[in-house]
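Novice: My structure is stored as protein.txt, with compact mmCIF, C-alpha atoms.
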```
# COMPACT_ATOMS: atom_id res chain seq x y z
CA MET A 103 173.79 111.47 165.01
CA THR A 104 176.86 113.59 165.74
CA GLU A 105 178.05 113.28 162.15
CA ILE A 106 174.61 114.18 160.75
CA TRP A 107 174.22 117.29 162.93
CA THR A 108 177.73 118.45 162.07
CA LEU A 109 177.20 117.88 158.36
CA ALA A 110 173.84 119.67 158.48
CA ALA A 111 175.51 122.64 160.17
CA LEU A 112 178.14 122.70 157.42
CA TRP A 113 175.52 122.69 154.65
CA LEU A 114 173.39 125.40 156.26
CA GLY A 115 176.54 127.42 156.91
CA LEU A 116 177.31 127.23 153.21
CA ALA A 117 173.71 128.22 152.46
CA LEU A 118 174.06 131.27 154.73
CA VAL A 119 177.30 132.29 153.05
CA ALA A 120 175.65 131.90 149.64
CA THR A 121 172.74 134.10 150.73
CA LEU A 122 175.09 136.83 151.94
CA VAL A 123 177.00 136.64 148.66
CA SER A 124 173.76 136.97 146.69
CA ILE A 125 172.86 140.08 148.71
CA TRP A 126 176.27 141.67 148.30
CA LEU A 127 176.52 140.95 144.57
CA ARG A 128 172.78 141.41 143.84
CA ILE A 129 172.43 138.03 142.11
CA ALA A 130 169.95 135.18 142.49
CA THR A 131 170.48 133.11 145.63
CA ALA A 132 170.20 129.89 143.64
CA LEU A 133 173.12 131.03 141.51
CA SER A 134 175.32 131.86 144.49
CA GLU A 135 174.46 128.51 146.09
CA ILE A 136 175.67 126.63 143.02
CA VAL A 137 178.91 128.63 142.96
CA VAL A 138 179.45 128.14 146.71
CA GLY A 139 178.84 124.40 146.26
CA THR A 140 181.47 124.26 143.52
CA ILE A 141 184.03 126.19 145.56
CA ALA A 142 183.29 124.21 148.73
CA GLN A 143 183.75 120.87 147.02
CA LEU A 144 186.99 122.08 145.43
CA ALA A 145 188.38 123.46 148.71
CA ILE A 146 187.23 120.61 150.96
CA GLY A 147 188.25 117.99 148.41
CA ALA A 148 191.75 119.46 148.16
CA THR A 149 192.29 119.76 151.92
CA ILE A 150 190.27 117.03 153.65
CA GLY A 151 188.69 114.79 151.05
CA SER A 152 185.82 114.93 148.58
CA ALA A 153 183.63 112.67 150.73
CA MET A 154 183.68 115.19 153.60
CA LEU A 155 180.87 117.25 152.07
CA GLY A 156 178.57 114.22 152.17
CA THR A 157 176.84 114.75 148.83
CA ASP A 158 176.08 111.02 148.58
CA GLN A 159 174.48 110.79 152.03
CA THR A 160 170.92 109.47 151.73
CA TRP A 161 169.37 112.28 153.77
CA VAL A 162 171.21 114.93 151.71
CA LYS A 163 169.86 113.37 148.51
CA PHE A 164 166.34 113.35 149.99
CA LEU A 165 166.42 117.01 151.03
CA SER A 166 167.98 117.94 147.69
CA GLY A 167 165.29 116.10 145.73
CA THR A 168 162.51 117.54 147.88
CA GLY A 169 163.84 121.04 147.22
CA ALA A 170 163.78 120.51 143.47
CA ILE A 171 160.24 119.10 143.60
CA LEU A 172 158.82 121.89 145.78
CA LEU A 173 160.54 124.61 143.75
CA THR A 174 159.07 123.11 140.59
CA PHE A 175 155.61 123.03 142.17
CA LEU A 176 155.86 126.69 143.20
CA ALA A 177 156.90 127.64 139.69
CA GLY A 178 153.80 125.98 138.27
CA ALA A 179 151.59 127.53 140.95
CA GLU A 180 152.71 131.04 139.93
CA LEU A 181 150.96 130.66 136.58
CA ASP A 182 147.99 133.05 136.42
CA PRO A 183 145.18 131.17 134.62
CA VAL A 184 143.31 134.38 133.73
CA VAL A 185 146.31 136.09 132.14
CA PHE A 186 147.29 132.86 130.41
CA ARG A 187 143.82 132.52 128.87
CA GLU A 188 143.76 136.14 127.76
CA ARG A 189 147.29 136.23 126.29
CA TRP A 190 147.96 132.57 125.61
CA LYS A 191 149.05 133.24 122.03
CA GLU A 192 151.83 135.61 123.11
CA ALA A 193 152.97 133.52 126.08
CA GLY A 194 152.71 130.30 124.08
CA ALA A 195 154.65 131.66 121.08
CA ILE A 196 157.44 133.15 123.22
CA GLY A 197 157.70 130.03 125.36
CA LEU A 198 157.65 127.60 122.45
CA ILE A 199 160.31 129.44 120.44
CA SER A 200 162.39 129.91 123.60
CA PHE A 201 162.44 126.13 124.00
CA LEU A 202 162.50 124.79 120.46
CA VAL A 203 165.24 126.84 118.78
CA PRO A 204 167.93 126.41 121.49
CA PHE A 205 166.98 122.75 121.99
CA LEU A 206 167.59 121.84 118.35
CA LEU A 207 170.63 124.04 117.67
CA CYS A 208 172.41 123.32 120.96
CA ALA A 209 171.90 119.59 120.39
CA MET A 210 173.36 119.96 116.89
CA ALA A 211 176.32 121.96 118.24
CA ALA A 212 177.07 119.29 120.85
CA ARG A 213 176.79 116.50 118.25
CA TYR A 214 178.67 117.99 115.31
CA LEU A 215 180.99 120.59 116.85
CA LEU A 216 181.91 118.86 120.12
CA GLY A 217 181.56 115.27 118.91
CA TRP A 218 179.33 114.12 121.76
CA ASP A 219 177.30 110.96 121.21
CA THR A 220 173.63 111.19 120.22
CA MET A 221 172.01 110.81 123.65
CA ALA A 222 174.48 113.19 125.31
CA SER A 223 173.78 115.74 122.56
CA TRP A 224 170.02 115.51 123.09
CA LEU A 225 170.59 115.94 126.82
CA ALA A 226 172.69 119.03 126.12
CA GLY A 227 169.88 120.43 123.97
CA VAL A 228 167.38 119.88 126.78
CA ALA A 229 169.64 121.47 129.41
CA MET A 230 170.38 124.51 127.26
CA SER A 231 166.77 125.07 126.15
CA THR A 232 165.54 125.94 129.64
CA THR A 233 164.53 129.29 131.05
CA SER A 234 165.35 129.71 134.73
CA VAL A 235 162.17 129.88 136.75
CA ALA A 236 164.27 130.64 139.84
CA VAL A 237 166.05 133.61 138.25
CA VAL A 238 163.05 135.04 136.41
CA TYR A 239 160.75 134.58 139.39
CA ALA A 240 163.30 136.19 141.72
CA VAL A 241 163.69 139.18 139.38
CA MET A 242 159.94 139.54 138.92
CA LEU A 243 159.45 139.40 142.69
CA GLU A 244 162.28 141.85 143.40
CA PHE A 245 160.93 144.56 141.09
CA GLY A 246 157.24 143.79 141.64
CA PHE A 247 156.68 142.63 138.06
CA ASN A 248 155.06 139.41 139.31
CA ALA A 249 152.01 141.48 140.30
CA THR A 250 151.73 143.11 136.84
CA GLU A 251 150.24 141.70 133.66
CA TYR A 252 153.63 141.98 131.96
CA GLY A 253 155.34 139.89 134.62
CA LYS A 254 152.58 137.30 134.55
CA VAL A 255 152.94 136.90 130.78
CA VAL A 256 156.70 136.40 131.16
CA LEU A 257 156.14 133.80 133.89
CA ALA A 258 153.53 132.08 131.70
CA ALA A 259 156.07 131.98 128.85
CA CYS A 260 158.60 130.47 131.27
CA PHE A 261 156.02 127.82 132.09
CA VAL A 262 155.62 126.91 128.40
CA THR A 263 159.39 126.73 127.89
CA ASP A 264 160.05 124.58 130.93
CA LEU A 265 157.04 122.38 130.31
CA GLY A 266 158.56 121.63 126.91
CA THR A 267 161.87 120.89 128.64
CA VAL A 268 160.36 118.53 131.21
CA LEU A 269 158.20 116.70 128.67
CA THR A 270 161.10 116.32 126.23
CA LEU A 271 163.36 115.05 129.00
CA GLY A 272 160.77 112.40 129.84
CA LEU A 273 159.93 111.49 126.24
CA ILE A 274 163.53 111.07 125.06
CA PHE A 275 165.09 109.41 128.09
CA ALA A 276 162.28 107.60 129.89
CA PRO A 277 161.71 104.07 128.58
CA PHE A 278 158.19 103.39 127.28
CA THR A 279 156.92 100.41 129.23
CA ILE A 280 153.74 99.36 130.98
CA LYS A 281 155.00 101.44 133.92
CA THR A 282 154.95 104.52 131.72
CA LEU A 283 151.32 103.90 130.74
CA ILE A 284 150.33 103.40 134.39
CA PHE A 285 152.14 106.61 135.35
CA VAL A 286 150.43 108.63 132.60
CA GLY A 287 147.02 107.13 133.42
CA VAL A 288 147.26 107.80 137.15
CA CYS A 289 148.56 111.34 136.61
CA GLY A 290 145.76 112.07 134.14
CA ALA A 291 143.07 110.80 136.53
CA VAL A 292 144.54 112.67 139.51
CA LEU A 293 144.97 115.96 137.67
CA ILE A 294 141.38 115.91 136.34
CA PHE A 295 139.79 115.72 139.79
CA LEU A 296 142.55 117.42 141.81
CA PRO A 297 141.29 121.06 141.64
CA TRP A 298 137.82 120.14 142.94
CA ILE A 299 139.13 117.77 145.63
CA THR A 300 141.71 120.30 146.82
CA THR A 301 139.21 123.16 146.99
CA GLN A 302 136.71 121.11 148.99
CA PHE A 303 139.37 119.66 151.29
CA PHE A 304 140.87 123.06 152.09
CA ARG A 305 137.41 124.58 152.59
CA LEU A 306 136.48 121.94 155.17
CA TYR A 307 139.76 121.47 157.02
CA GLY A 308 142.10 124.30 156.02
CA GLY A 309 143.15 127.40 157.92
CA ARG A 310 144.35 125.60 161.05
CA PRO A 311 147.68 125.98 162.89
CA SER A 312 148.53 122.35 162.07
CA GLU A 313 149.42 123.43 158.49
CA LEU A 314 147.19 120.78 156.94
CA GLU A 315 147.53 122.38 153.50
CA THR A 316 151.30 121.93 153.45
CA LYS A 317 151.05 118.29 154.51
CA TYR A 318 148.41 117.65 151.84
CA LEU A 319 150.52 119.19 149.07
CA LEU A 320 153.68 117.38 150.15
CA LEU A 321 151.72 114.11 150.17
CA LEU A 322 150.68 114.72 146.56
CA LEU A 323 154.19 115.69 145.47
CA PHE A 324 155.86 112.71 147.17
CA ALA A 325 153.23 110.20 146.00
CA LEU A 326 153.32 111.21 142.33
CA GLY A 327 157.08 111.76 142.53
CA GLY A 328 157.50 108.19 143.76
CA LEU A 329 155.26 106.96 140.96
CA ALA A 330 157.34 108.91 138.43
CA ALA A 331 160.58 107.42 139.78
CA TRP A 332 159.01 103.94 139.64
CA ALA A 333 158.19 104.57 135.97
CA ASP A 334 161.79 105.73 135.30
CA SER A 335 160.67 109.33 134.79
CA GLU A 336 161.47 112.51 136.72
CA ALA A 337 159.63 113.56 139.89
CA VAL A 338 159.67 117.21 138.77
CA LEU A 339 157.24 116.44 135.94
CA PRO A 340 154.16 115.69 138.10
CA ALA A 341 155.23 118.46 140.50
CA TYR A 342 155.10 121.03 137.69
CA LEU A 343 151.74 119.72 136.48
CA ILE A 344 150.27 119.78 140.00
CA GLY A 345 151.42 123.36 140.45
CA MET A 346 149.91 124.36 137.12
CA ILE A 347 146.58 122.65 137.86
CA LEU A 348 146.33 124.22 141.32
CA ALA A 349 147.48 127.69 140.25
CA GLY A 350 143.90 128.97 140.30
CA SER A 351 143.35 127.90 143.92
CA VAL A 352 146.60 127.31 145.82
CA GLY A 353 148.39 129.97 143.78
CA LYS A 354 145.91 132.59 144.99
CA ASP A 355 146.51 131.79 148.67
CA HIS A 356 149.35 134.24 149.35
CA ILE A 357 149.82 133.14 152.95
CA LEU A 358 150.18 129.47 151.99
CA ILE A 359 152.54 130.33 149.11
CA ARG A 360 154.67 132.44 151.43
CA ARG A 361 154.94 129.58 153.92
CA LEU A 362 155.91 127.18 151.16
CA ARG A 363 158.52 129.66 149.93
CA THR A 364 159.97 129.80 153.45
CA LEU A 365 160.22 126.02 153.60
CA CYS A 366 161.57 125.79 150.06
CA PHE A 367 164.09 128.64 149.89
CA GLY A 368 164.98 128.72 153.57
CA PHE A 369 165.76 125.03 154.02
CA LEU A 370 165.34 122.73 151.01
CA THR A 371 166.64 124.34 147.81
CA PRO A 372 170.09 125.17 149.31
CA PHE A 373 170.69 121.42 149.54
CA TYR A 374 169.70 121.00 145.89
CA PHE A 375 171.71 123.87 144.42
CA ILE A 376 174.80 123.40 146.61
CA ARG A 377 174.79 119.69 145.78
CA ALA A 378 174.42 120.44 142.07
CA GLY A 379 177.33 122.87 142.23
CA SER A 380 179.50 120.34 144.06
CA PHE A 381 179.45 118.07 141.01
CA VAL A 382 181.09 120.71 138.80
CA SER A 383 184.70 119.77 138.11
CA VAL A 384 186.76 122.96 138.00
CA PRO A 385 189.92 121.16 136.79
CA ALA A 386 187.91 119.68 133.88
CA LEU A 387 186.67 123.16 132.91
CA ILE A 388 190.15 124.62 133.06
CA ALA A 389 191.54 121.76 130.99
CA ALA A 390 188.82 122.02 128.31
CA PRO A 391 186.91 125.33 128.39
CA GLY A 392 185.77 125.04 124.77
CA ALA A 393 182.59 123.04 125.46
CA PHE A 394 181.45 125.48 128.15
CA LEU A 395 182.04 128.56 126.00
CA LEU A 396 180.42 126.99 122.94
CA MET A 397 177.28 125.88 124.79
CA LEU A 398 176.88 129.27 126.46
CA THR A 399 177.35 131.17 123.20
CA VAL A 400 174.99 128.98 121.20
CA LYS A 401 172.30 129.19 123.88
CA LEU A 402 172.40 132.99 124.13
CA VAL A 403 172.51 133.51 120.37
CA THR A 404 169.64 131.13 119.68
CA LYS A 405 167.51 132.51 122.52
CA ILE A 406 167.95 136.12 121.41
CA SER A 407 167.54 135.44 117.69
CA GLY A 408 164.45 133.34 118.32
CA VAL A 409 162.59 135.21 121.08
CA TYR A 410 163.20 138.88 120.26
CA PRO A 411 161.41 138.84 116.87
CA VAL A 412 158.43 137.13 118.52
CA THR A 413 158.15 139.79 121.24
CA ARG A 414 158.27 142.52 118.61
CA SER A 415 155.61 140.79 116.51
CA PHE A 416 153.23 140.99 119.50
CA GLY A 417 153.76 144.75 119.81
CA SER A 418 156.38 144.96 122.55
CA PRO A 419 158.54 148.12 122.39
CA PRO A 420 162.23 147.44 121.66
CA ARG A 421 163.39 147.98 125.26
CA GLU A 422 160.60 145.85 126.75
CA GLY A 423 161.04 143.18 124.09
CA MET A 424 164.77 142.90 124.74
CA TYR A 425 164.19 142.69 128.50
CA THR A 426 161.74 139.84 127.96
CA THR A 427 164.20 138.16 125.60
CA LEU A 428 167.07 138.36 128.09
CA MET A 429 164.88 137.03 130.89
CA MET A 430 163.90 134.09 128.68
CA SER A 431 167.63 133.54 127.98
CA THR A 432 168.43 132.80 131.60
CA GLY A 433 168.99 129.25 132.72
CA LEU A 434 169.48 127.64 136.09
CA THR A 435 166.86 125.45 137.73
CA PHE A 436 165.79 123.04 135.02
CA GLY A 437 169.15 123.28 133.32
CA THR A 438 170.85 121.88 136.42
CA ILE A 439 168.01 119.39 136.96
CA SER A 440 168.42 118.08 133.40
CA SER A 441 172.21 117.98 133.67
CA LEU A 442 172.11 116.20 137.02
CA PHE A 443 169.59 113.74 135.58
CA GLY A 444 172.00 113.00 132.73
CA LEU A 445 174.96 112.53 135.07
CA SER A 446 173.10 110.28 137.53
CA HIS A 447 171.74 108.10 134.69
CA GLY A 448 175.10 107.78 132.92
CA ILE A 449 173.99 109.74 129.82
CA ILE A 450 176.79 112.30 130.12
CA THR A 451 180.23 112.18 131.70
CA GLN A 452 181.54 114.26 134.61
CA ALA A 453 183.38 116.55 132.18
CA GLN A 454 180.27 117.03 130.03
CA TYR A 455 178.20 117.71 133.14
CA SER A 456 180.70 120.33 134.30
CA ALA A 457 180.60 122.06 130.91
CA LEU A 458 176.79 122.08 130.83
CA VAL A 459 176.34 123.35 134.39
CA ALA A 460 179.00 126.02 133.88
CA ALA A 461 177.14 127.15 130.75
CA VAL A 462 173.87 127.11 132.68
CA ILE A 463 175.41 129.27 135.42
CA GLY A 464 176.82 131.64 132.80
CA SER A 465 173.41 131.97 131.19
CA ALA A 466 171.93 132.88 134.58
CA VAL A 467 174.48 135.65 135.17
CA VAL A 468 175.13 137.33 131.82
CA PRO A 469 171.55 137.97 130.55
CA THR A 470 170.31 139.05 133.99
CA LEU A 471 173.09 141.60 134.47
CA ILE A 472 172.62 143.03 130.98
CA ALA A 473 168.82 143.12 131.25
CA ASN A 474 168.70 144.92 134.61
CA ALA A 475 171.52 147.32 133.71
CA PHE A 476 170.39 148.43 130.25
CA PHE A 477 166.86 147.25 129.41
CA LEU A 478 164.80 147.42 132.62
CA PRO A 479 161.28 148.62 131.61
CA ARG A 480 160.90 151.17 134.39
CA HIS A 481 157.56 152.39 133.05
CA LEU A 482 156.09 149.02 134.07
CA LEU A 483 157.35 149.14 137.64
CA PRO A 484 154.44 149.13 140.12
CA ASP A 485 154.25 151.90 142.70
CA VAL A 486 153.82 149.45 145.58
CA GLU A 487 155.94 146.35 146.07
CA PRO A 488 154.00 143.05 145.96
CA GLU A 489 155.31 142.11 149.41
CA GLU A 490 153.62 145.20 150.80
CA ARG A 491 150.34 144.20 149.15
CA GLU A 492 150.43 140.75 150.68
CA ARG A 493 151.55 141.85 154.16
CA PRO A 494 148.65 141.86 156.62
CA ILE A 495 147.94 145.00 158.58
CA VAL A 496 149.00 144.48 162.19
CA PRO A 497 148.14 147.12 164.79
CA GLU A 498 151.06 148.74 166.57
CA PRO A 499 151.58 147.49 170.14
CA ARG A 500 150.62 149.94 172.84
CA ASN A 501 152.63 150.65 175.94
CA VAL A 502 150.70 149.80 179.06
```
Kindly return the structure encoded in the file as structure tokens.
Specialist:
Amino acid sequence: MTEIWTLAALWLGLALVATLVSIWLRIATALSEIVVGTIAQLAIGATIGSAMLGTDQTWVKFLSGTGAILLTFLAGAELDPVVFRERWKEAGAIGLISFLVPFLLCAMAARYLLGWDTMASWLAGVAMSTTSVAVVYAVMLEFGFNATEYGKVVLAACFVTDLGTVLTLGLIFAPFTIKTLIFVGVCGAVLIFLPWITTQFFRLYGGRPSELETKYLLLLLFALGGLAAWADSEAVLPAYLIGMILAGSVGKDHILIRRLRTLCFGFLTPFYFIRAGSFVSVPALIAAPGAFLLMLTVKLVTKISGVYPVTRSFGSPPREGMYTTLMMSTGLTFGTISSLFGLSHGIITQAQYSALVAAVIGSAVVPTLIANAFFLPRHLLPDVEPEERERPIVPEPRNV
């Protein structure tokens, strides 16, 4: 166990450094974790050996995968069913265009401008079509937009975009066999009855210090994730669907969501993002920067040219519409998930993976910095931060 404890300390030390960097530079923690993972692998690999970081250790893979699944679930749980029903046309149109236009044009750019093979090009289109739930959610939470109708519409549009990404990833790359039919059938049956079962179960047994709700949700995520892996699909797909289905119940429980965020962002997702960053080959990027720059440029151009006219058509003022557009242009979580899926399944090479992840990181940084510096819709900022709304009132201790 000495090796495991030492390696765990190294990973959590890197996670702490990444968090401090995100605070100092005012960027998303997920972004800094990917960058720290890239630098750590480069530095450790050059001095000690690439195996020292332990990215292929079974327990590291497990924690990394659990982080991706739980983050995906939380993203789905943030969907507000009421706002989505009331403004589904706007959220649906923005989300669909945000996915479809970059998916097709980035795939074409990879195929005809970079000369990648067909499957690698489709994978590039999927990775570049995403909108970063991690970045958008972090920005919405930081400014309090997640508690406003505007922020909820943006998050709903993110849901549509990333649902298209996850479904396309499964449809194109998952083989259609009897396992696929079983997976779809079981998921359909579970998701139909899940809201009622969850509500009744939590009503009878919830609210106890044993954290029964967390164990119940993790059981669902692991069970359907295992079924998805058995069917050669991705575990994030059922996780996103479970989050979406339970958004009206679990998503309203702020205490439970906060506890899940602590587990997710405090312990699990650093393993996922640092591990994803460790697979980026800096020498490959330096040797051939063209693919990275092309993918980043095509993604940003297609996102802006596709989403901005849609926001204006639904009556958004120019400043607000551009802010929404730039938020929808970010990429991180599902972009790295898709890229890592392609690398682990032999669809893309190490060099192609490095180019895609570097473009994903670039799309997380550039639009966010521009949006918050020049297009922040300050008239929509709430007077009270959402964290203050959710914080329970605790009486001050008295001196005896």
Novice: Tell me which of A:Gly309, A:Gly272, A:Pro340, A:Pro183 sits closest to A:Leu225, counting all atoms listed in the file.
Specialist: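 Going through A:Gly309, A:Gly272, A:Pro340, A:Pro183 one by one, the smallest distance to A:Leu225 is for A:Gly272.
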Novice: Around the point (153.8, 104.1, 129.9) in the file's coordinates, collect all residues with an atom within 12 Å, using all atoms listed in the file, and return them as an NGL selection string.
Specialist: :A and (272-273 or 276-289 or 329-330 or 332-335)
Novice: One number please: atom CA of A:Pro484 to atom CA of A:Val255, in Å, one decimal.
Specialist: 15.5 Å
Novice: Counting all atoms listed in the file, select every polymer residue within 6 Å of (163.7, 120.3, 126.0) as defined in the file's coordinates, and provide the selection as a list in words.
Specialist: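 Every residue inside that radius is included here: Phe205, Val228, Ser231, Gly266, Thr267 and Thr270 of chain A.
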Novice: Please write the residues from the selection above to a file, keeping C-alpha atoms, as a short mmCIF file (atom, residue, chain, number, x, y, z; two decimals), in the coordinates of the input.
Specialist:
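Contents of the output file result.cif:
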```
data_model
loop_
_atom_site.label_atom_id
_atom_site.label_comp_id
_atom_site.auth_asym_id
_atom_site.auth_seq_id
_atom_site.Cartn_x
_atom_site.Cartn_y
_atom_site.Cartn_z
CA PHE A 205 166.98 122.75 121.99
CA VAL A 228 167.38 119.88 126.78
CA SER A 231 166.77 125.07 126.15
CA GLY A 266 158.56 121.63 126.91
CA THR A 267 161.87 120.89 128.64
CA THR A 270 161.10 116.32 126.23
#
```
Novice: Pick the closest to A:Thr371 from A:Ser418, A:Thr104, A:Thr301, A:Thr435: which is it, counting all atoms listed in the file?
Specialist: A:Thr435
Novice: Point out the residue among A:Gly423, A:Gly115, A:Gly433, A:Gly197 with the least atom-to-atom distance to A:Val238, counting only C-alpha atoms.
Specialist: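 Using only C-alpha atoms, A:Val238 sits closest to A:Gly433.
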Novice: Measuring atom to atom with only C-alpha atoms, identify which of A:Met154, A:Val203, A:Val137, A:Ala258 is nearest to A:Val462.
Specialist: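 Of A:Met154, A:Val203, A:Val137, A:Ala258, the one nearest A:Val462, counting only C-alpha atoms, is A:Val137.
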Novice: As a PyMOL selection string, please: the residues near A:Val138 (cut-off 12 Å, all atoms listed in the file, same-chain neighbours under 6 positions excluded).
Specialist: chain A and resi 113-124+131-132+144-146+372-373+375-382
Novice: Between atom CA of A:Thr399 and atom CA of A:Gly464, measure the distance and give it in Å to one decimal.
Specialist: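 Between these atoms lies a distance of 9.6 Å.
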Novice: Write out as a PDB file with C-alpha atoms, in the frame of the given file the residues lying within 9 Å of A:Met397, counting only C-alpha atoms and excluding same-chain residues fewer than 2 positions away.
Specialist:
```pdb
ATOM      1  CA  CYS A 208     172.410 123.320 120.960  1.00  0.00           C
ATOM      2  CA  ALA A 211     176.320 121.960 118.240  1.00  0.00           C
ATOM      3  CA  ALA A 212     177.070 119.290 120.850  1.00  0.00           C
ATOM      4  CA  ALA A 226     172.690 119.030 126.120  1.00  0.00           C
ATOM      5  CA  MET A 230     170.380 124.510 127.260  1.00  0.00           C
ATOM      6  CA  GLY A 392     185.770 125.040 124.770  1.00  0.00           C
ATOM      7  CA  ALA A 393     182.590 123.040 125.460  1.00  0.00           C
ATOM      8  CA  PHE A 394     181.450 125.480 128.150  1.00  0.00           C
ATOM      9  CA  LEU A 395     182.040 128.560 126.000  1.00  0.00           C
ATOM     10  CA  THR A 399     177.350 131.170 123.200  1.00  0.00           C
ATOM     11  CA  VAL A 400     174.990 128.980 121.200  1.00  0.00           C
ATOM     12  CA  LYS A 401     172.300 129.190 123.880  1.00  0.00           C
ATOM     13  CA  LEU A 402     172.400 132.990 124.130  1.00  0.00           C
ATOM     14  CA  ALA A 457     180.600 122.060 130.910  1.00  0.00           C
ATOM     15  CA  LEU A 458     176.790 122.080 130.830  1.00  0.00           C
ATOM     16  CA  ALA A 461     177.140 127.150 130.750  1.00  0.00           C
ATOM     17  CA  VAL A 462     173.870 127.110 132.680  1.00  0.00           C
TER      18      VAL A 462
END
```
Novice: What is the distance, in Å and to one decimal place, between atom CA of A:Ile449 and atom CA of A:Ala209?
Specialist: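 Atom CA of A:Ile449 sits 13.8 Å away from atom CA of A:Ala209.
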Novice: Within 10 Å of A:Val352, counting only C-alpha atoms, which residues qualify if same-chain residues fewer than 2 places away don't, as a list of chain:residue names?
Specialist: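 That gives A:Leu176, A:Ala179, A:Glu180, A:Pro297, A:Thr300, A:Thr301, A:Phe304, A:Glu315, A:Leu319, A:Gly345, A:Met346, A:Ile347, A:Leu348, A:Ala349, A:Gly350, A:Lys354, A:Asp355, A:His356, A:Ile357, A:Leu358, A:Ile359.
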Novice: Take the residues just selected and output them with C-alpha atoms as a compact mmCIF listing (two decimals), keeping the file's coordinate frame.
Specialist:
```
# COMPACT_ATOMS: atom_id res chain seq x y z
CA LEU A 176 155.86 126.69 143.20
CA ALA A 179 151.59 127.53 140.95
CA GLU A 180 152.71 131.04 139.93
CA PRO A 297 141.29 121.06 141.64
CA THR A 300 141.71 120.30 146.82
CA THR A 301 139.21 123.16 146.99
CA PHE A 304 140.87 123.06 152.09
CA GLU A 315 147.53 122.38 153.50
CA LEU A 319 150.52 119.19 149.07
CA GLY A 345 151.42 123.36 140.45
CA MET A 346 149.91 124.36 137.12
CA ILE A 347 146.58 122.65 137.86
CA LEU A 348 146.33 124.22 141.32
CA ALA A 349 147.48 127.69 140.25
CA GLY A 350 143.90 128.97 140.30
CA LYS A 354 145.91 132.59 144.99
CA ASP A 355 146.51 131.79 148.67
CA HIS A 356 149.35 134.24 149.35
CA ILE A 357 149.82 133.14 152.95
CA LEU A 358 150.18 129.47 151.99
CA ILE A 359 152.54 130.33 149.11
```
Novice: Select, from A:Gln159, A:Ser446, A:Thr232, A:Thr168, the residue with the minimum atom-to-atom distance to A:Val262, counting only C-alpha atoms.
Specialist: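 Going through A:Gln159, A:Ser446, A:Thr232, A:Thr168 one by one, the smallest distance to A:Val262 is for A:Thr232.
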Novice: Which residue, A:Leu398, A:Gln454, A:Ala195, A:Arg213, has the smallest gap to A:Val468 when you use only C-alpha atoms?
Specialist: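 So, comparing all the options, the nearest one is A:Leu398.
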Novice: Can you pull out every residue within 10 Å of A:Trp298, counting all atoms listed in the file, but drop anything in the same chain fewer than 4 positions away, and send it as a count of residues only?
Specialist: 6
Novice: Residues near A:Thr233, anyone? I mean within 7 Å using all atoms listed in the file, not counting same-chain ones fewer than 2 positions away, as a ChimeraX atom specification.
Specialist: /A:231,235,260,263-264,430-433
Novice: Writing C-alpha atoms and nothing else, produce stretch 225-237 of chain A as a CSV table (one decimal), in the first residue's frame.
Specialist:
```csv
chain,number,residue,atom,x,y,z
A,225,LEU,CA,-14.5,11.6,-33.8
A,226,ALA,CA,-13.0,15.0,-34.3
A,227,GLY,CA,-16.4,16.4,-35.2
A,228,VAL,CA,-17.9,15.0,-32.1
A,229,ALA,CA,-15.1,16.3,-29.8
A,230,MET,CA,-15.3,19.8,-31.4
A,231,SER,CA,-19.1,20.0,-31.3
A,232,THR,CA,-19.3,20.0,-27.5
A,233,THR,CA,-20.1,22.8,-25.1
A,234,SER,CA,-18.3,22.6,-21.8
A,235,VAL,CA,-20.7,21.9,-19.0
A,236,ALA,CA,-17.9,22.3,-16.5
A,237,VAL,CA,-16.9,25.8,-17.8
```
